[in-house]
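Only one structure is covered here, and it is reproduced in the block below.
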Amino acid sequence: MVNGVWYRLHGASLPPVTEALMVGEVARRAALAHFGALGGGSSPVLAGHHGSGKARWQHQHAFYLPQDRDGDGRVDHLLIYAIAGFSPTELAALMRLERLYGGSVDLRAEVLLAWDDRVPGGAGAAAGLAATWESATALILPRHPKRRRDGTPKLTPRGEQLDGPEDQLRREIALRREAGVQGLPDPVAVSRLERLALPTGRGEIRWQDFLWRRPGGGSASGLAFGLRVTFPYPVPGPLAFGYGCHFGLGQFRPASGGSEA
C-alpha cells in the first residue's frame with residue numbers, strides 16, 4: 001500500500017516557506033476534489049475525519065507537507081504522506097493532482113515518487129533518515145507554557161518548562177508511540193533554534209513570521225519555536241508535530257547546522 005507521494009512544484013512565483021500552511025490547505029482541497037470526481041465518496045485518510053466531524057485518526061491520516069528543498073526560502077516541493085496508507089482510489093486522486101489553486105497559490109505539481117513504507121528506503125530523499133532533526137517550519141504550540149503565580153516557569157523533572165516547546169514535543173512523540181501510530185524513541189536531546197537558517201546562506205527567517213491561523217482550524221497558543229531534536233538512532237521521516245502539523249507547520253528535516261538559542 002502506498003504511504004507517500006512526492007511532487008515537484010512549478011509556478012511563476014513560488015510561495016515563501018512562511019506560507020507553507022496555505023499551500024498545505026490548498027493541496028488538501030485539491031486532493032479531496034479529485035477524490036470526489038472519481039466517485040470515491042468520503043475519505044477519512046485524505047480529509048482527516050468522517051463527514052463533518054473532527055479529526056479522530058490519531059495522526060494516521062494525510063499530512064500535506066510543503067517543502068523548501070533548495071534552501072532559497074520558497075516552497076518548491078510537496079509531500080503528501082499518510083501512516084495509514086492510501087486506498088487505490090485515494091492514490092488515483094493524488095496521482096491526478098496537477099495543479100494547486102486557491103487564494104494566492106497557483107502552482108503546477110509534478111509527481112516524482114510514490115512509495116510503500118514496508119519497502120526499506122523507499123521514501124528516499126523525500127522523507128529523510130537521520131538521528132538529529134531540526135525545524136524546517138515553525139512549531140506552533142497547542143498549549144501555553146505553564147508558569148507559577150509569581151511568573152516563574154513551572155519545570156519538569158528534566159528542568160524544562162512544563163508545556164514549553166521541548167516538553168510538548170517530547171509528549172507528542174510519546175503519545176504517538178503509545179498509540180501505536182509512529183514508533184519514535186524518546187529523544188536524547190532537544191534544544192531551541194533561534195531562527196530558520198536557509199541552507200544556501202541567504203539569510204534567516206523568524207519563526208514568528210510563519211502564518212499559522214487556519215480558518216475554523218481550532219485554537220492554539222500562537223507561540224512559534226524552532227527546535228533541534230536528537231534520537232538515540234536514525235529514524236525515518238517525515239516528522240511533523242504541533243498545531244497545523246498536517247498542513248505544513250511543525251516540520252522537521254535532517255539536521256544541517258543552525259544557531260542554537
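Ordered as shown in the C-alpha cells, chains take letters A, B, and onward, while each chain numbers its residues from 1 and ligands are numbered from 1 in the order shown.
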
Which residues in segment 94-150 of chain A does DSSP call helix (DSSP H, G or I)? List them as a count of residues only.
5

Please tabulate, as CSV, the residues of segment 100-164 of chain A that come within 9 Å of segment 247-252 of chain A, each with its closest pair of atoms and the distance in Å to one decimal, counting only C-alpha atoms and ordering rows by chain, then residue number upward.
```
residue,atom,partner,partner_atom,distance
A:Trp133,CA,A:Phe252,CA,5.8
A:Glu134,CA,A:Phe252,CA,5.1
A:Ser135,CA,A:Phe252,CA,4.3
A:Ala136,CA,A:Phe252,CA,5.0
A:Thr137,CA,A:Gln251,CA,5.3
A:Ala138,CA,A:Gly250,CA,5.2
A:Leu139,CA,A:Gly250,CA,4.0
A:Ile140,CA,A:Gly250,CA,6.6
```

Neighbours of segment 175-180 of chain A within 12 Å (only C-alpha atoms; same-chain residues fewer than 3 positions away dropped), as a ChimeraX atom specification?
/A:57-60,83-84,168-172,183-186,239-241

Please list as a PDB file with C-alpha atoms, in the first residue's frame every residue within 12 Å of segment 104-106 of chain A, counting only C-alpha atoms and excluding residues in the same chain fewer than 3 positions away.
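Result file follows (result.pdb):
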```
ATOM      1  CA  LEU A   9       6.117  22.328  -7.691  1.00  0.00           C
ATOM      2  CA  HIS A  10       6.356  24.835 -10.515  1.00  0.00           C
ATOM      3  CA  GLY A  11       4.958  28.326 -10.859  1.00  0.00           C
ATOM      4  CA  ALA A  12       5.633  31.866 -11.988  1.00  0.00           C
ATOM      5  CA  SER A  13       6.144  32.776  -8.333  1.00  0.00           C
ATOM      6  CA  LEU A  14       6.765  30.092  -5.737  1.00  0.00           C
ATOM      7  CA  PRO A  15       5.260  30.977  -2.338  1.00  0.00           C
ATOM      8  CA  PRO A  16       7.552  31.768   0.598  1.00  0.00           C
ATOM      9  CA  GLU A  19       3.159  30.451   3.801  1.00  0.00           C
ATOM     10  CA  ALA A  20       3.551  26.666   3.904  1.00  0.00           C
ATOM     11  CA  LEU A  21       0.263  26.352   5.804  1.00  0.00           C
ATOM     12  CA  MET A  22      -1.616  27.998   2.934  1.00  0.00           C
ATOM     13  CA  VAL A  23      -0.076  25.621   0.374  1.00  0.00           C
ATOM     14  CA  GLY A  24      -0.909  22.629   2.577  1.00  0.00           C
ATOM     15  CA  GLU A  25      -4.541  23.721   2.869  1.00  0.00           C
ATOM     16  CA  VAL A  26      -4.860  24.169  -0.905  1.00  0.00           C
ATOM     17  CA  ALA A  27      -3.258  20.761  -1.512  1.00  0.00           C
ATOM     18  CA  ALA A  30      -7.297  19.676  -4.390  1.00  0.00           C
ATOM     19  CA  VAL A  75       8.203  26.210  -1.354  1.00  0.00           C
ATOM     20  CA  GLU A  98      -1.511  18.520 -11.256  1.00  0.00           C
ATOM     21  CA  ARG A  99      -2.480  21.990 -10.054  1.00  0.00           C
ATOM     22  CA  LEU A 100      -2.779  23.741  -6.699  1.00  0.00           C
ATOM     23  CA  TYR A 101      -5.008  26.764  -6.984  1.00  0.00           C
ATOM     24  CA  ALA A 109       2.553  19.752  -9.418  1.00  0.00           C
TER      25      ALA A 109
END
```

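Proximity to Leu46 of chain A was assessed for A:His246, A:Arg158, A:Arg118, A:Arg147 counting only C-alpha atoms; the smallest distance is recorded for A:His246.
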
Excluding Ala189 of chain A and residues on its chain fewer than 6 positions from it, collect all residues at most 8 Å away from it, counting only C-alpha atoms, and give them as a PyMOL selection string.
chain A and resi 229-231

Create the file for the chosen residues now, containing C-alpha atoms and written as an mmCIF file, in the first residue's frame.
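selection.cif, written as the output of this step:
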```
data_model
loop_
_atom_site.group_PDB
_atom_site.id
_atom_site.type_symbol
_atom_site.label_atom_id
_atom_site.label_comp_id
_atom_site.auth_asym_id
_atom_site.auth_seq_id
_atom_site.Cartn_x
_atom_site.Cartn_y
_atom_site.Cartn_z
ATOM 1 C CA VAL A 229 15.862 17.017 18.359
ATOM 2 C CA THR A 230 18.283 14.093 18.606
ATOM 3 C CA PHE A 231 17.161 10.470 18.851
#
```

Smallest atom-to-atom distance to Leu113 of chain A: which of A:Gly4, A:Pro153, A:Pro215, A:Gly73, using only C-alpha atoms?
A:Gly4

Please measure the separation of atom CA of Val188 of chain A and atom CA of Pro165 of chain A, giving the value in Å to one decimal.
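Pair atom CA of Val188 of chain A / atom CA of Pro165 of chain A returns 15.2 Å.
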
One number please: atom CA of Arg96 of chain A to atom CA of His34 of chain A, in Å, one decimal.
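Straight-line distance from atom CA of Arg96 of chain A to atom CA of His34 of chain A works out to 7.0 Å.
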
Excluding Leu78 of chain A and its own-chain neighbours fewer than 3 positions away, which residues fall within 8 Å of it when counting only C-alpha atoms? Please give them as a list in words.
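Listing them by chain and then by number gives Trp6, Tyr7, Arg8, Leu9, Tyr64, Leu65, Pro66, Gln67 and Val75 of chain A.
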